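Student: Sharing query.cif (mmCIF, C-alpha atoms) below.
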data_protein
loop_
_atom_site.label_atom_id
_atom_site.label_comp_id
_atom_site.auth_asym_id
_atom_site.auth_seq_id
_atom_site.Cartn_x
_atom_site.Cartn_y
_atom_site.Cartn_z
CA LEU H 1 69.48 35.77 1.73
CA VAL H 2 71.63 38.32 -0.03
CA ALA H 3 72.57 41.39 2.06
CA SER H 4 70.32 43.66 -0.04
CA ASP H 5 67.33 41.33 0.50
CA GLU H 6 68.00 41.37 4.23
CA ARG H 7 67.99 45.19 4.15
CA ILE H 8 64.70 45.26 2.26
CA LEU H 9 63.21 42.99 4.93
CA ARG H 10 64.51 45.25 7.70
CA ILE H 11 62.99 48.29 5.97
CA THR H 12 59.72 46.36 5.63
CA VAL H 13 59.71 45.68 9.39
CA ALA H 14 60.56 49.35 10.12
CA ILE H 15 57.69 50.53 7.90
CA GLY H 16 55.34 48.01 9.54
CA ILE H 17 56.21 49.15 13.07
CA THR H 18 55.79 52.81 12.03
CA LEU H 19 52.35 52.07 10.58
CA ILE H 20 51.28 50.26 13.76
CA LEU H 21 52.45 53.21 15.88
CA ALA H 22 50.72 55.70 13.60
CA SER H 23 47.47 53.71 13.77
CA LEU H 24 47.42 54.37 17.53
CA LEU H 25 47.97 58.14 17.31
CA GLY H 26 45.26 59.87 19.28
CA SER H 27 43.95 62.77 17.30
CA GLY H 28 41.03 63.36 14.99
CA ARG H 29 38.45 64.87 17.29
CA PHE H 30 36.09 67.32 15.74
CA GLY H 31 32.96 69.00 17.01
CA PHE H 32 30.81 72.07 17.41
CA TYR H 33 28.63 73.80 19.98
CA TYR H 34 25.82 75.85 18.50
CA SER H 35 22.62 77.62 19.39
CA LEU H 36 20.08 77.00 16.64
CA ASP H 37 16.76 78.67 15.90
CA PRO H 38 13.78 76.48 15.01
CA GLY H 39 14.04 75.33 11.38
CA ALA H 40 17.74 76.17 11.14
CA TYR H 41 20.33 73.45 10.48
CA THR H 42 24.03 73.07 11.14
CA LEU H 43 25.93 70.91 8.71
CA SER H 44 29.32 69.64 9.80
CA VAL H 45 31.43 68.06 7.07
CA PHE H 46 34.40 65.87 8.02
CA ARG H 47 36.55 63.01 6.76
CA ALA H 48 36.32 59.47 8.07
CA THR H 49 38.76 56.64 7.51
CA GLY H 50 36.83 54.15 9.62
CA ASP H 51 33.97 53.97 12.12
CA ILE H 52 33.36 57.11 14.14
CA TYR H 53 32.08 57.74 17.64
CA VAL H 54 29.45 60.48 17.85
CA THR H 55 28.26 62.17 21.03
CA ALA H 56 25.51 64.76 20.84
CA SER H 57 23.65 66.47 23.65
CA SER H 58 21.68 69.55 24.44
CA PRO H 59 22.96 71.23 27.63
CA THR H 60 19.57 72.94 27.96
CA ASN H 61 17.73 69.60 27.55
CA GLN H 62 15.89 70.63 24.39
CA SER H 63 15.07 68.04 21.77
CA PHE H 64 16.84 67.97 18.42
CA SER H 65 17.31 65.76 15.38
CA LEU H 66 20.63 64.37 14.16
CA TYR H 67 21.41 62.89 10.74
CA VAL H 68 24.62 61.37 9.36
CA LEU H 69 24.98 61.47 5.56
CA ASP H 70 27.63 60.41 3.09
CA SER H 71 29.16 62.99 0.72
CA ASP H 72 26.77 62.38 -2.21
CA ASN H 73 23.68 62.69 -0.03
CA ALA H 74 25.09 65.72 1.80
CA LEU H 75 25.63 67.45 -1.54
CA MET H 76 22.13 66.44 -2.66
CA ALA H 77 20.69 67.93 0.54
CA LEU H 78 22.61 71.18 -0.04
CA GLN H 79 21.52 71.44 -3.66
CA ASP H 80 17.85 70.68 -2.86
CA SER H 81 17.89 72.71 0.40
CA SER H 82 16.14 69.76 2.00
CA LEU H 83 16.72 66.31 3.40
CA GLU H 84 13.94 64.85 1.30
CA GLY H 85 15.08 62.10 -1.03
CA THR H 86 18.41 61.62 0.76
CA VAL H 87 19.57 58.35 2.26
CA GLN H 88 20.85 58.78 5.81
CA LEU H 89 23.33 56.49 7.55
CA VAL H 90 21.85 57.55 10.88
CA ALA H 91 18.57 59.40 11.47
CA LEU H 92 17.69 60.23 15.08
CA GLU H 93 14.74 62.50 15.71
CA ASN H 94 13.47 64.16 18.90
CA ILE H 95 16.43 63.23 21.04
CA THR H 96 18.08 65.18 23.86
CA GLN H 97 21.30 63.20 23.86
CA TYR H 98 23.03 60.49 21.90
CA SER H 99 26.31 58.66 22.02
CA GLY H 100 27.24 55.75 19.86
CA THR H 101 29.40 54.31 17.13
CA VAL H 102 28.43 55.06 13.56
CA SER H 103 29.54 52.45 11.07
CA ILE H 104 31.24 54.02 8.05
CA PRO H 105 30.93 51.94 4.86
CA SER H 106 34.00 53.36 3.12
CA THR H 107 36.63 56.06 3.67
CA GLY H 108 35.55 59.48 2.45
CA VAL H 109 33.72 62.67 3.32
CA TYR H 110 30.68 62.48 5.60
CA ALA H 111 28.37 65.03 7.17
CA VAL H 112 26.43 65.42 10.41
CA LEU H 113 23.33 67.56 10.25
CA VAL H 114 21.52 68.79 13.37
CA THR H 115 18.36 70.84 13.81
CA PRO H 116 16.08 71.66 16.77
CA SER H 117 12.96 69.49 16.87
CA GLY H 118 10.80 71.86 18.92
CA ASN H 119 9.76 75.48 18.48
CA ASP H 120 12.44 76.89 20.79
CA THR H 121 16.05 77.82 20.14
CA ALA H 122 18.18 74.82 21.10
CA THR H 123 21.81 74.62 22.11
CA ILE H 124 23.45 71.52 20.71
CA ASP H 125 26.89 70.11 21.45
CA VAL H 126 28.22 67.54 18.96
CA ASN H 127 31.55 65.70 19.06
CA ILE H 128 32.83 63.32 16.43
CA SER H 129 35.92 61.24 17.13
CA ARG H 130 37.77 58.63 15.18
CA LEU H 131 37.99 55.13 16.63
CA TYR H 132 41.45 53.76 17.42
CA PRO H 133 43.44 51.99 16.25
CA VAL H 134 42.93 52.89 12.57
CA PRO H 135 42.11 49.44 11.13
CA SER H 136 43.70 49.85 7.69
CA LEU H 137 47.05 51.00 9.10
CA LEU H 138 47.05 48.41 11.88
CA VAL H 139 46.34 45.53 9.49
CA LEU H 140 48.86 46.71 6.87
CA GLY H 141 51.52 47.34 9.54
CA SER H 142 50.97 43.93 11.15
CA ILE H 143 51.17 42.18 7.77
CA LEU H 144 54.43 43.95 6.89
CA VAL H 145 55.98 43.16 10.29
CA ALA H 146 54.84 39.52 10.06
CA ILE H 147 56.20 39.11 6.51
CA GLY H 148 59.51 40.78 7.40
CA LEU H 149 60.08 38.86 10.63
CA THR H 150 59.01 35.51 9.14
CA ALA H 151 61.28 35.89 6.13
CA MET H 152 64.20 36.99 8.32
CA GLY H 153 63.57 34.10 10.75
CA MET H 154 63.38 31.56 7.94
CA SER H 155 66.56 32.93 6.42
CA HIS H 156 68.44 32.65 9.71
CA LEU H 157 67.09 29.13 10.25
CA ALA H 158 68.16 28.06 6.77
CA GLN H 159 71.58 29.64 7.36
CA ARG H 160 71.99 27.76 10.65
CA LYS H 161 70.95 24.47 9.06
CA GLN H 162 73.48 25.02 6.32
CA GLU H 163 76.21 25.79 8.86
CA THR H 164 75.38 22.66 10.89
CA LYS H 165 75.40 20.60 7.70
CA ASN H 166 78.78 22.05 6.74
CA VAL H 167 80.24 21.28 10.17
CA LEU H 168 78.96 17.68 10.06
CA GLU H 169 80.27 17.29 6.54
CA THR H 170 83.71 18.56 7.61
CA GLU H 171 83.75 16.26 10.63
CA ARG H 172 82.76 13.25 8.50
CA THR H 173 85.41 14.05 5.92
CA SER H 174 88.13 14.48 8.51
CA SER H 175 87.18 11.23 10.32
CA THR H 176 87.36 9.14 7.11
CA THR H 177 90.66 10.63 5.91
CA PRO H 178 93.53 8.10 6.66
CA GLY H 179 95.98 10.84 7.55
CA THR H 180 93.62 12.20 10.12
CA GLU H 181 93.00 8.69 11.55
CA SER H 182 96.70 8.12 12.09
CA GLN H 183 97.08 11.57 13.63
CA ARG H 184 94.30 10.69 16.06
CA GLY H 185 95.80 7.27 16.84
CA MET L 1 78.64 52.00 -22.15
CA SER L 2 77.61 48.94 -20.15
CA ARG L 3 81.09 48.86 -18.56
CA ARG L 4 80.67 52.48 -17.46
CA ARG L 5 77.22 51.69 -16.11
CA GLY L 6 78.64 48.71 -14.21
CA LEU L 7 81.32 50.92 -12.75
CA LEU L 8 78.84 53.56 -11.61
CA GLN L 9 76.63 50.83 -10.12
CA ALA L 10 79.63 49.49 -8.21
CA ILE L 11 80.38 52.95 -6.80
CA MET L 12 76.72 53.40 -5.89
CA GLY L 13 76.80 49.98 -4.15
CA ILE L 14 79.81 51.02 -2.08
CA GLU L 15 78.11 54.32 -1.26
CA LEU L 16 74.95 52.53 -0.07
CA ASP L 17 76.95 50.02 2.00
CA CYS L 18 79.28 52.59 3.59
CA VAL L 19 77.14 55.68 4.15
CA TYR L 20 73.59 54.33 4.28
CA ARG L 21 74.37 51.20 6.27
CA SER L 22 71.85 49.71 8.66
CA PRO L 23 70.07 51.25 10.59
CA ILE L 24 70.54 54.70 8.95
CA CYS L 25 68.40 53.91 5.94
CA GLU L 26 65.68 52.20 8.02
CA THR L 27 65.56 55.11 10.47
CA ILE L 28 65.25 57.67 7.67
CA VAL L 29 62.33 55.75 6.12
CA ALA L 30 60.59 55.25 9.48
CA VAL L 31 60.97 58.88 10.61
CA ILE L 32 59.81 60.34 7.31
CA LEU L 33 56.82 57.98 7.16
CA PHE L 34 55.84 58.75 10.75
CA VAL L 35 56.06 62.52 10.28
CA SER L 36 54.06 62.30 7.03
CA LEU L 37 51.34 60.27 8.76
CA VAL L 38 51.16 62.68 11.72
CA ILE L 39 50.76 65.71 9.42
CA ALA L 40 48.22 63.88 7.24
CA ILE L 41 46.20 62.94 10.33
CA SER L 42 46.05 66.59 11.38
CA GLN L 43 45.03 67.57 7.83
CA GLY L 44 42.34 64.87 7.71
CA SER L 45 40.96 65.77 11.13
CA ALA L 46 39.83 69.22 10.08
CA GLY L 47 36.17 69.78 9.38
CA VAL L 48 33.89 72.48 8.06
CA ILE L 49 30.77 73.78 9.79
CA MET L 50 28.01 75.47 7.80
CA ASP L 51 25.04 77.34 9.18
CA LEU L 52 21.99 76.57 7.10
CA SER L 53 19.19 78.98 7.77
CA SER L 54 15.53 78.12 7.24
CA GLN L 55 15.05 81.48 5.44
CA VAL L 56 17.81 81.22 2.83
CA PRO L 57 18.25 78.38 0.30
CA TRP L 58 21.18 76.08 1.11
CA ASN L 59 22.49 75.92 -2.42
CA THR L 60 24.07 79.36 -2.50
CA ILE L 61 27.36 79.64 -4.40
CA GLU L 62 29.23 80.35 -1.17
CA ILE L 63 28.00 77.20 0.58
CA ILE L 64 28.49 74.92 -2.44
CA ASN L 65 32.01 76.37 -2.98
CA ARG L 66 32.86 75.79 0.67
CA TYR L 67 31.64 72.22 0.34
CA TYR L 68 33.73 71.54 -2.77
CA GLY L 69 36.68 73.41 -1.22
CA PHE L 70 36.59 70.92 1.63
CA VAL L 71 36.00 67.81 -0.50
CA ASP L 72 38.76 68.53 -3.07
CA ARG L 73 41.64 68.79 -0.64
CA PHE L 74 44.03 66.14 -1.89
CA ALA L 75 46.54 68.58 -3.46
CA PRO L 76 46.48 71.12 -0.57
CA ALA L 77 46.90 68.29 1.95
CA TYR L 78 49.75 66.81 -0.10
CA ALA L 79 51.39 70.26 -0.20
CA ALA L 80 51.02 70.60 3.59
CA VAL L 81 52.50 67.14 4.20
CA LEU L 82 55.39 67.81 1.79
CA LEU L 83 56.12 71.19 3.40
CA GLY L 84 56.04 69.62 6.87
CA THR L 85 58.26 66.71 5.89
CA ALA L 86 60.59 69.04 3.96
CA SER L 87 61.39 70.77 7.27
CA ILE L 88 62.99 67.47 8.34
CA ASP L 89 64.60 66.89 4.96
CA VAL L 90 66.40 70.24 5.04
CA LEU L 91 68.13 68.99 8.20
CA LEU L 92 68.60 65.44 6.94
CA VAL L 93 70.07 66.34 3.54
CA PRO L 94 73.10 68.28 4.92
CA VAL L 95 73.80 65.51 7.46
CA LEU L 96 73.74 62.82 4.75
CA THR L 97 75.83 64.99 2.41
CA GLY L 98 78.30 65.52 5.26
CA LEU L 99 78.49 61.78 5.94
CA SER L 100 78.83 61.00 2.26
CA VAL L 101 81.47 63.60 1.33
CA ALA L 102 83.16 65.25 4.32
CA ARG L 103 83.28 62.16 6.55
CA ALA L 104 84.56 60.11 3.58
CA LEU L 105 87.32 62.70 3.12
CA GLU L 106 88.22 62.49 6.81
CA ASP L 107 88.34 58.70 7.11
CA GLY L 108 89.94 58.07 3.73
CA THR L 109 87.04 56.14 2.13
CA LEU L 110 86.89 58.74 -0.62
CA ARG L 111 90.52 58.00 -1.52
CA THR L 112 89.61 54.34 -2.04
CA LEU L 113 86.59 55.34 -4.10
CA LEU L 114 88.75 57.53 -6.33
CA THR L 115 90.93 54.55 -7.26
CA TYR L 116 88.03 53.43 -9.48
CA PRO L 117 88.45 54.54 -13.10
CA ALA L 118 85.73 57.19 -12.80
CA SER L 119 86.02 60.97 -12.92
CA ARG L 120 85.73 62.96 -9.73
CA SER L 121 82.62 64.69 -11.03
CA SER L 122 80.97 61.27 -11.58
CA VAL L 123 81.79 60.25 -8.00
CA LEU L 124 80.35 63.51 -6.69
CA SER L 125 77.23 63.12 -8.89
CA ILE L 126 76.64 59.63 -7.51
CA LYS L 127 77.01 60.90 -3.96
CA LEU L 128 74.56 63.74 -4.60
CA GLY L 129 72.16 61.35 -6.38
CA ALA L 130 72.25 58.95 -3.43
CA VAL L 131 71.40 61.77 -1.00
CA LEU L 132 68.49 62.87 -3.20
CA LEU L 133 67.19 59.31 -3.59
CA MET L 134 67.52 58.53 0.10
CA THR L 135 65.47 61.57 1.15
CA GLY L 136 63.29 62.32 -1.90
CA VAL L 137 61.90 58.87 -2.63
CA PRO L 138 60.75 58.04 0.95
CA THR L 139 59.29 61.54 1.37
CA THR L 140 57.34 61.44 -1.91
CA ILE L 141 55.97 57.93 -1.39
CA ALA L 142 55.23 58.42 2.33
CA SER L 143 53.47 61.76 1.73
CA LEU L 144 51.27 60.36 -1.04
CA PHE L 145 50.44 57.28 1.05
CA ALA L 146 49.66 59.33 4.18
CA VAL L 147 47.39 61.74 2.29
CA TYR L 148 45.67 58.85 0.47
CA ILE L 149 44.89 57.18 3.80
CA PHE L 150 43.91 60.18 5.95
CA VAL L 151 42.62 62.77 3.49
CA PRO L 152 40.46 60.72 1.12
CA SER L 153 39.49 63.06 -1.74
CA ALA L 154 39.32 63.18 -5.50
CA TRP L 155 42.75 63.93 -6.98
CA SER L 156 44.24 65.08 -10.26
CA LEU L 157 47.71 64.33 -11.57
CA ILE L 158 49.05 67.77 -12.60
CA PRO L 159 49.02 69.43 -9.14
CA LEU L 160 50.61 66.32 -7.60
CA LEU L 161 53.36 66.28 -10.23
CA LEU L 162 53.98 70.02 -9.80
CA LEU L 163 54.22 69.72 -6.02
CA THR L 164 56.52 66.69 -6.25
CA PHE L 165 58.70 68.58 -8.74
CA GLY L 166 58.82 71.62 -6.42
CA PHE L 167 59.84 69.43 -3.49
CA TRP L 168 62.61 67.68 -5.46
CA LEU L 169 63.93 71.05 -6.62
CA LEU L 170 64.04 72.25 -3.00
CA ILE L 171 66.08 69.26 -1.82
CA LEU L 172 68.30 69.54 -4.91
CA LEU L 173 69.09 73.15 -3.97
CA VAL L 174 69.70 72.32 -0.30
CA SER L 175 71.92 69.35 -1.18
CA SER L 176 73.93 71.48 -3.64
CA VAL L 177 74.52 74.10 -0.96
CA ALA L 178 75.47 71.39 1.55
CA LEU L 179 77.80 69.76 -0.99
CA LEU L 180 79.64 73.03 -1.55
CA CYS L 181 79.95 73.57 2.22
CA CYS L 182 81.40 70.05 2.61
CA VAL L 183 83.98 70.28 -0.18
CA LEU L 184 85.05 73.75 0.93
CA SER L 185 85.41 72.87 4.61
CA ARG L 186 86.54 69.21 4.20
CA ARG L 187 85.34 68.66 7.77
CA PHE L 188 82.19 66.74 8.66
CA LEU L 189 81.07 68.97 11.52
CA VAL L 190 81.81 72.26 9.79
CA GLY L 191 80.36 71.16 6.42
CA THR L 192 77.22 69.69 7.95
CA ALA L 193 76.67 72.70 10.22
CA GLY L 194 77.10 75.04 7.24
CA GLY L 195 74.66 72.96 5.18
CA ILE L 196 72.09 72.87 7.98
CA ILE L 197 72.33 76.61 8.59
CA ALA L 198 72.01 77.33 4.86
CA GLY L 199 69.24 74.75 4.24
CA TYR L 200 67.18 75.55 7.29
CA GLY L 201 67.84 79.26 6.77
CA ILE L 202 66.44 79.04 3.24
CA PHE L 203 63.40 77.12 4.47
CA THR L 204 62.52 79.34 7.41
CA ALA L 205 63.48 82.71 5.89
CA THR L 206 61.22 82.16 2.87
CA ALA L 207 58.28 81.57 5.21
CA VAL L 208 58.70 85.00 6.80
CA PRO L 209 56.26 87.51 5.22
CA GLU L 210 58.89 90.30 5.13
CA PHE L 211 61.25 88.19 3.00
CA PRO L 212 61.39 89.37 -0.67
CA GLN L 213 58.75 87.29 -2.41
CA THR L 214 60.51 86.71 -5.73
CA LEU L 215 63.71 85.55 -4.05
CA GLY L 216 61.61 83.40 -1.73
CA TYR L 217 60.05 81.59 -4.71
CA VAL L 218 63.51 80.93 -6.18
CA LEU L 219 64.91 79.61 -2.90
CA ASN L 220 61.85 77.55 -1.99
CA PRO L 221 60.25 76.21 -5.19
CA LEU L 222 57.84 74.07 -3.17
CA MET L 223 56.35 77.21 -1.69
CA ALA L 224 56.18 78.75 -5.17
CA VAL L 225 54.25 75.76 -6.55
CA THR L 226 51.91 75.78 -3.52
CA GLU L 227 51.17 79.50 -4.05
CA PHE L 228 50.69 78.89 -7.77
CA LEU L 229 48.18 76.08 -7.16
CA SER L 230 46.25 78.16 -4.64
CA GLY L 231 45.80 80.58 -7.55
CA GLU L 232 46.17 83.72 -5.47
CA THR L 233 49.35 85.60 -6.27
CA LEU L 234 51.69 83.65 -8.50
CA MET L 235 51.29 83.55 -12.29
CA THR L 236 52.53 80.78 -14.60
CA GLN L 237 55.32 82.96 -16.01
CA SER L 238 56.63 83.85 -12.55
CA LEU L 239 56.56 80.18 -11.53
CA CYS L 240 58.53 79.18 -14.63
CA THR L 241 61.09 81.92 -13.98
CA ALA L 242 61.46 80.86 -10.33
CA VAL L 243 61.86 77.19 -11.29
CA ILE L 244 64.44 77.93 -14.00
CA LEU L 245 66.44 80.13 -11.61
CA THR L 246 66.37 77.41 -8.94
CA VAL L 247 67.63 74.81 -11.42
CA VAL L 248 70.35 77.16 -12.68
CA MET L 249 71.42 78.01 -9.13
CA SER L 250 71.56 74.32 -8.12
CA ILE L 251 73.58 73.37 -11.22
CA ALA L 252 75.95 76.32 -10.70
CA LEU L 253 76.53 75.28 -7.08
CA PHE L 254 77.14 71.69 -8.14
CA ILE L 255 79.60 72.73 -10.87
CA LEU L 256 81.42 74.94 -8.37
CA SER L 257 81.61 71.96 -5.97
CA THR L 258 83.05 69.70 -8.70
CA VAL L 259 85.64 72.38 -9.61
CA VAL L 260 86.72 72.69 -5.96
CA PHE L 261 86.68 68.93 -5.54
CA GLY L 262 88.64 68.43 -8.77
CA ARG L 263 91.48 70.66 -7.58
CA MET L 264 91.49 69.22 -4.10
CA GLU L 265 94.27 66.97 -2.91
CA VAL L 266 92.64 63.86 -1.46
#
Show me the file's structure as structure tokens.

Tutor:
Amino acid sequence: LVASDERILRITVAIGITLILASLLGSGRFGFYYSLDPGAYTLSVFRATGDIYVTASSPTNQSFSLYVLDSDNALMALQDSSLEGTVQLVALENITQYSGTVSIPSTGVYAVLVTPSGNDTATIDVNISRLYPVPSLLVLGSILVAIGLTAMGMSHLAQRKQETKNVLETERTSSTTPGTESQRG
Amino acid sequence: MSRRRGLLQAIMGIELDCVYRSPICETIVAVILFVSLVIAISQGSAGVIMDLSSQVPWNTIEIINRYYGFVDRFAPAYAAVLLGTASIDVLLVPVLTGLSVARALEDGTLRTLLTYPASRSSVLSIKLGAVLLMTGVPTTIASLFAVYIFVPSAWSLIPLLLLTFGFWLLILLVSSVALLCCVLSRRFLVGTAGGIIAGYGIFTATAVPEFPQTLGYVLNPLMAVTEFLSGETLMTQSLCTAVILTVVMSIALFILSTVVFGRMEV
């Protein structure tokens, strides 16, 4: 490999390691704690790059409903002032607590909508957290590291083979040269 | 023409091999990418909560505007990532300029470089260009990538181009100041320290609310573009004036550096 190619491979490995490290960064928690009157809703809009983990509970043990919508359906719900006609990724009704992973089909904006199910004011605590590691970054980082290390390894191997070949060639040449023979003798 | 290009390429090659040798270049790329990703993660983690009453329709202008304000956040997030990463660049640019110019003056590499049949201003231009490329390209690409991954939104080209232009102008100004400090002092430590103080001073002072706004826009064009895109205070004419003044100031500083460097005994 030329020196510039070797540098490009090193930069590739550095980028790959950085992406792997960044995929493990622990942030991205988002939530709310609200007291809602019967019939009132709280819409929480957030961004998701992969599957999310949702925990929802009512500290006062009152029942509530929880819906997860994508951005188009969240906008439709806002424009129609209703959930009718929307497609929900998750629809849980009359629950007092929930925790689970919500599968996100593609990166983008999503919304969680909660409302009390009964006729009393309900206090609801919702937390949304991103799952780690971030798959896209981890996969991309691993691929870059693998490509960089493999190419560098192959280059070093080829270089070593060439060096060994050169040494053998030199030895063979020197052993068949008459002058060298006599010197040895 | 092609001979001149070959000559400049040769000088650039020497510059890359001597100043940006391994692992300097790799570290710069990794640090900038990591910082961009961290800021983009914090931008993408924000959410918006809306109270939807049973008495009032949900499709009020305020609620729909808040929704769209949250969804269309690519440009604001890109601006935030660029501003965050620029705080590292204003430290990095003087250090690289110091290594490229003042350190080369100290260890005699510049003397070797000047044996090439190229003018001193060309050599200085290549050195400045290398500093800009080494900091500007990784920052621009890493910021766009980080925002694309962690702040998925609809995007439009004009705000992105304006922000990128503002960022490049900022690092051009900081590198011109650092270059002047280096050629005046001829010492790595003094030149770099002067560049850092000037660069970081520009960056932090313009963020202070008491700082004169017009001067702030000239010294930090990235902030001017960000304010312009937010559509609150800055008009198109004021932005153009600020940008032109920044360019003029950077060119004047560079010309002054070449004059000082031209008269210098190396």

Student: Measure the distance from CA of Thr86 (chain H) to CA of Asp72 (chain H) in Å and round it to one decimal.

Tutor: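 A separation of 8.9 Å between them.
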
Student: Using all atoms listed in the file, find each residue in chain L having at least one atom no more than 8 Å away from chain H; report its shortest atom-to-atom pair and that distance in Å (one decimal), rows by chain then rising number, as a Markdown table.

Tutor:
| residue | atom | partner | partner_atom | distance |
| --- | --- | --- | --- | --- |
| L:Ser22 | CA | H:Arg7 | CA | 7.5 |
| L:Cys25 | CA | H:Ile11 | CA | 7.8 |
| L:Glu26 | CA | H:Ile11 | CA | 5.2 |
| L:Thr27 | CA | H:Ala14 | CA | 7.6 |
| L:Val29 | CA | H:Ile15 | CA | 7.2 |
| L:Ala30 | CA | H:Ile15 | CA | 5.8 |
| L:Leu33 | CA | H:Thr18 | CA | 7.2 |
| L:Phe34 | CA | H:Thr18 | CA | 6.1 |
| L:Leu37 | CA | H:Ala22 | CA | 6.7 |
| L:Val38 | CA | H:Ala22 | CA | 7.2 |
| L:Ile41 | CA | H:Gly28 | CA | 7.0 |
| L:Ser42 | CA | H:Gly28 | CA | 7.0 |
| L:Gly44 | CA | H:Arg47 | CA | 6.2 |
| L:Ser45 | CA | H:Gly28 | CA | 4.6 |
| L:Ala46 | CA | H:Phe46 | CA | 6.7 |
| L:Gly47 | CA | H:Phe46 | CA | 4.5 |
| L:Val48 | CA | H:Val45 | CA | 5.2 |
| L:Ile49 | CA | H:Ser44 | CA | 4.4 |
| L:Met50 | CA | H:Leu43 | CA | 5.1 |
| L:Asp51 | CA | H:Thr42 | CA | 4.8 |
| L:Leu52 | CA | H:Tyr41 | CA | 4.9 |
| L:Ser53 | CA | H:Ala40 | CA | 4.6 |
| L:Ser54 | CA | H:Ala40 | CA | 4.9 |
| L:Pro57 | CA | H:Ser81 | CA | 5.7 |
| L:Trp58 | CA | H:Ser81 | CA | 4.8 |
| L:Asn59 | CA | H:Gln79 | CA | 4.7 |
| L:Ile64 | CA | H:Leu78 | CA | 7.4 |
| L:Tyr67 | CA | H:Leu75 | CA | 7.9 |
| L:Val71 | CA | H:Val109 | CA | 6.8 |
| L:Ile149 | CA | H:Thr49 | CA | 7.2 |
| L:Phe150 | CA | H:Thr49 | CA | 6.4 |
| L:Val151 | CA | H:Arg47 | CA | 6.9 |
| L:Pro152 | CA | H:Gly108 | CA | 5.2 |
| L:Ser153 | CA | H:Gly108 | CA | 6.8 |

Student: Once the PyMOL selection byres ((chain H and resi 146) around 12) is applied to the coordinates I shared, what remains selected? I want it as a list in words.

Tutor: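 This file, filtered by the PyMOL selection byres ((chain H and resi 146) around 12), leaves Leu9, Arg10, Thr12, Val13, Ala14, Ile15, Gly16, Ile17, Ile20, Leu138, Val139, Leu140, Gly141, Ser142, Ile143, Leu144, Val145, Ile147, Gly148, Leu149, Thr150, Ala151, Met152, Gly153 and Met154 of chain H.
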
Student: Which residues, written as an MDAnalysis selection string, have at least one atom at most 9 Å from Tyr148 (chain L), with only C-alpha atoms counted and residues fewer than 6 positions away on the same chain left out?

Tutor: chainID L and resid 40 74 78

Student: Kindly resolve the PyMOL selection byres ((chain L and resi 213) around 12) on the present coordinates and return the residues as a ChimeraX atom specification.

Tutor: /L:205-212,214-221,223-224,227,233-234,238-239,242

Student: Please write the residues from the selection above to a file, keeping C-alpha atoms, as a CSV table (one decimal), in the frame of the given file.

Tutor:
chain,number,residue,atom,x,y,z
L,205,ALA,CA,63.5,82.7,5.9
L,206,THR,CA,61.2,82.2,2.9
L,207,ALA,CA,58.3,81.6,5.2
L,208,VAL,CA,58.7,85.0,6.8
L,209,PRO,CA,56.3,87.5,5.2
L,210,GLU,CA,58.9,90.3,5.1
L,211,PHE,CA,61.2,88.2,3.0
L,212,PRO,CA,61.4,89.4,-0.7
L,214,THR,CA,60.5,86.7,-5.7
L,215,LEU,CA,63.7,85.6,-4.0
L,216,GLY,CA,61.6,83.4,-1.7
L,217,TYR,CA,60.0,81.6,-4.7
L,218,VAL,CA,63.5,80.9,-6.2
L,219,LEU,CA,64.9,79.6,-2.9
L,220,ASN,CA,61.8,77.6,-2.0
L,221,PRO,CA,60.2,76.2,-5.2
L,223,MET,CA,56.4,77.2,-1.7
L,224,ALA,CA,56.2,78.8,-5.2
L,227,GLU,CA,51.2,79.5,-4.0
L,233,THR,CA,49.4,85.6,-6.3
L,234,LEU,CA,51.7,83.6,-8.5
L,238,SER,CA,56.6,83.8,-12.6
L,239,LEU,CA,56.6,80.2,-11.5
L,242,ALA,CA,61.5,80.9,-10.3

Student: To test your reading of the syntax: which residues would the PyMOL selection byres ((chain H and resi 59) around 10) return for the file shown? Reply as an MDAnalysis selection string.

Tutor: chainID H and resid 33 56:58 60:62 96:97 122:125

Student: Just how far from CA of Gly98 (chain L) is CA of Gly191 (chain L), in Å to one decimal?

Tutor: 6.1 Å

Student: At what distance in Å, to one decimal, does CA of Leu144 (chain L) lie from CA of Ile52 (chain H)?

Tutor: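 Calculated distance between CA of Ile52 (chain H) and CA of Leu144 (chain L) is 23.7 Å.
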